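Novice: This structure is in structure tokens; I'll ask about it shortly.
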Amino acid sequence: MSSVEVLRAGALSIALMVVGAAAPAQVATGAIVDDGIPAPLTAEPGDPARGRALVADRQRGLCLLCHTGPILEQRFQGNLAPDLAGAGERWTAAQLRLRLVDPARLNPATIMPAYHRADGFTRVGPAFRGKPILTAQEIEDVVAYLASLR
């Protein structure tokens, strides 16, 4: 296999992972299931400004490592995952919430981390065991921000 063929195969693999990252789960019947998580995780509504700050934060959210988004002050945004612009048109708040809480429920092969799951992981550092990446309120803030992107 030539080096050009290897590069093409690698590019195709990445493209399939990205397409798969946005694909809904399929049950044994073949029906598509993507109801999301309809109920908010907190009583307090999400704050889009706090959510935007988390998406832009390269230490906490890390969203722009893989995604591109309408956050012009952040350079070097990712291109491995769907563009966040228009997220509120493509997905409901419930669907966005599921994608943040536990994206592997939609795509078991996803590289996106589960931002609010704290169990079922291997090789987790002792200081991080049993702790989600984002709190329930932070998830709601990010959902509010993403839902506002139309």
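Residues are referred to by chain and number: the chain letter is A, B, ... according to the order shown in the structure tokens, the number counts from 1 in that chain, and ligands are numbered separately from 1 in the order shown.
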If you count only C-alpha atoms, which residues fall within 12 Å of Cys66 (chain A), apart from same-chain ones fewer than 5 positions away, as a list in words?
Specialist: Ile14, Val18, Ala21, Val55, Ala56, Arg58, Gly61, Phe76, Gln77, Gly78, Asn79, Leu80, Ala81, Pro82, Asp83, Leu84, Thr110, Ile111, Met112 and Pro113 of chain A
Novice: Output N, CA and C atoms of each residue in that selection to a file, as a PDB file, in the first residue's frame.
Specialist:
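Ended up saving to result-v2.pdb:
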ATOM      1  N   ILE A  14     -11.052   8.487  10.134  1.00  0.00           N
ATOM      2  CA  ILE A  14     -11.404   9.648  10.963  1.00  0.00           C
ATOM      3  C   ILE A  14     -12.784  10.157  10.579  1.00  0.00           C
ATOM      4  N   VAL A  18     -16.100  10.554  13.022  1.00  0.00           N
ATOM      5  CA  VAL A  18     -16.813  11.811  13.220  1.00  0.00           C
ATOM      6  C   VAL A  18     -18.280  11.653  12.869  1.00  0.00           C
ATOM      7  N   ALA A  21     -19.937   9.777  15.539  1.00  0.00           N
ATOM      8  CA  ALA A  21     -20.099  10.510  16.785  1.00  0.00           C
ATOM      9  C   ALA A  21     -21.428  11.231  16.854  1.00  0.00           C
ATOM     10  N   VAL A  55     -17.382  26.044  27.402  1.00  0.00           N
ATOM     11  CA  VAL A  55     -17.031  25.529  26.082  1.00  0.00           C
ATOM     12  C   VAL A  55     -15.700  26.119  25.629  1.00  0.00           C
ATOM     13  N   ALA A  56     -15.476  27.385  25.923  1.00  0.00           N
ATOM     14  CA  ALA A  56     -14.251  28.066  25.504  1.00  0.00           C
ATOM     15  C   ALA A  56     -13.048  27.718  26.389  1.00  0.00           C
ATOM     16  N   ARG A  58     -10.166  25.914  27.890  1.00  0.00           N
ATOM     17  CA  ARG A  58      -9.288  24.821  27.455  1.00  0.00           C
ATOM     18  C   ARG A  58      -8.763  23.973  28.618  1.00  0.00           C
ATOM     19  N   GLY A  61     -13.616  22.487  29.964  1.00  0.00           N
ATOM     20  CA  GLY A  61     -14.497  21.872  28.976  1.00  0.00           C
ATOM     21  C   GLY A  61     -13.743  21.124  27.890  1.00  0.00           C
ATOM     22  N   PHE A  76      -7.192  28.130  16.984  1.00  0.00           N
ATOM     23  CA  PHE A  76      -6.820  26.715  16.908  1.00  0.00           C
ATOM     24  C   PHE A  76      -7.935  25.797  17.426  1.00  0.00           C
ATOM     25  N   GLN A  77      -9.097  25.928  16.823  1.00  0.00           N
ATOM     26  CA  GLN A  77     -10.221  25.078  17.187  1.00  0.00           C
ATOM     27  C   GLN A  77     -10.150  23.775  16.403  1.00  0.00           C
ATOM     28  N   GLY A  78     -10.767  22.740  16.961  1.00  0.00           N
ATOM     29  CA  GLY A  78     -10.690  21.405  16.379  1.00  0.00           C
ATOM     30  C   GLY A  78     -11.553  21.223  15.150  1.00  0.00           C
ATOM     31  N   ASN A  79     -11.275  20.118  14.455  1.00  0.00           N
ATOM     32  CA  ASN A  79     -12.071  19.767  13.275  1.00  0.00           C
ATOM     33  C   ASN A  79     -12.363  18.272  13.227  1.00  0.00           C
ATOM     34  N   LEU A  80     -12.285  17.614  14.377  1.00  0.00           N
ATOM     35  CA  LEU A  80     -12.562  16.174  14.450  1.00  0.00           C
ATOM     36  C   LEU A  80     -14.032  15.864  14.691  1.00  0.00           C
ATOM     37  N   ALA A  81     -14.759  16.821  15.224  1.00  0.00           N
ATOM     38  CA  ALA A  81     -16.142  16.589  15.629  1.00  0.00           C
ATOM     39  C   ALA A  81     -17.043  17.649  14.994  1.00  0.00           C
ATOM     40  N   PRO A  82     -18.360  17.487  15.101  1.00  0.00           N
ATOM     41  CA  PRO A  82     -19.271  18.445  14.468  1.00  0.00           C
ATOM     42  C   PRO A  82     -19.041  19.879  14.943  1.00  0.00           C
ATOM     43  N   ASP A  83     -19.251  20.820  14.038  1.00  0.00           N
ATOM     44  CA  ASP A  83     -19.195  22.246  14.354  1.00  0.00           C
ATOM     45  C   ASP A  83     -20.318  22.545  15.344  1.00  0.00           C
ATOM     46  N   LEU A  84     -20.021  23.319  16.370  1.00  0.00           N
ATOM     47  CA  LEU A  84     -21.032  23.640  17.371  1.00  0.00           C
ATOM     48  C   LEU A  84     -22.000  24.722  16.888  1.00  0.00           C
ATOM     49  N   THR A 110     -17.263   6.363  20.377  1.00  0.00           N
ATOM     50  CA  THR A 110     -16.944   7.786  20.369  1.00  0.00           C
ATOM     51  C   THR A 110     -15.682   8.081  21.172  1.00  0.00           C
ATOM     52  N   ILE A 111     -14.997   9.142  20.768  1.00  0.00           N
ATOM     53  CA  ILE A 111     -13.828   9.590  21.529  1.00  0.00           C
ATOM     54  C   ILE A 111     -14.204  10.734  22.468  1.00  0.00           C
ATOM     55  N   MET A 112     -15.447  11.169  22.407  1.00  0.00           N
ATOM     56  CA  MET A 112     -15.903  12.251  23.285  1.00  0.00           C
ATOM     57  C   MET A 112     -16.057  11.724  24.706  1.00  0.00           C
ATOM     58  N   PRO A 113     -15.536  12.468  25.676  1.00  0.00           N
ATOM     59  CA  PRO A 113     -15.663  11.998  27.061  1.00  0.00           C
ATOM     60  C   PRO A 113     -17.084  12.142  27.588  1.00  0.00           C
TER      61      PRO A 113
END
Novice: So how many Å separate CA of Arg75 (chain A) and CA of Arg52 (chain A), to one decimal?
Specialist: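 Here the two named atoms are 15.1 Å from each other.
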Novice: Per residue of region 75-97 of chain A within 8 Å of region 134-149 of chain A, what are the shortest atom pair and its distance in Å to one decimal, counting only C-alpha atoms, with rows by chain and residue number, as CSV?
Specialist:
residue,atom,partner,partner_atom,distance
A:Leu84,CA,A:Leu146,CA,7.1
A:Ala85,CA,A:Leu149,CA,5.8
A:Gly86,CA,A:Leu149,CA,4.9
A:Ala87,CA,A:Leu149,CA,5.6
A:Gly88,CA,A:Ala147,CA,3.8
A:Glu89,CA,A:Leu149,CA,7.3
A:Trp91,CA,A:Ala147,CA,7.7
A:Thr92,CA,A:Ala147,CA,7.1
A:Ala93,CA,A:Ala147,CA,6.0
A:Leu96,CA,A:Val143,CA,6.1
A:Arg97,CA,A:Val143,CA,6.1
Novice: Taking only region 7-142 of chain A into account, list the residues labelled alpha helix (DSSP H) by DSSP (computed from the backbone), as a ChimeraX atom specification.
Specialist: /A:7-21,48-56,87-90,93-101,136-142
Novice: I need the residue nearest Arg90 (chain A) from this list: A:Pro40, A:Lys131, A:Arg150, A:Thr122. Use only C-alpha atoms for the distance.
Specialist: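 Looking only at the distances to Arg90 (chain A), the closest residue turns out to be A:Arg150.
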Novice: I'd like the interatomic distance between CA of Leu106 (chain A) and CA of Ala94 (chain A), to a tenth of an Å.
Specialist: 13.0 Å
Novice: Choose the residue, out of A:Gln59, A:Asn107, A:Thr68, A:Gln95, that has the smallest atom-to-atom separation from Pro38 (chain A); count only C-alpha atoms.
Specialist: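 Looking at the shortest contact to Pro38 (chain A), the residue is A:Gln95.
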Novice: Pick from A:Ile133, A:Val33, A:Ala39, A:Ala127: nearest to Arg105 (chain A), with only C-alpha atoms counted?
Specialist: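 The shortest atom-to-atom distance to Arg105 (chain A) comes from A:Val33.
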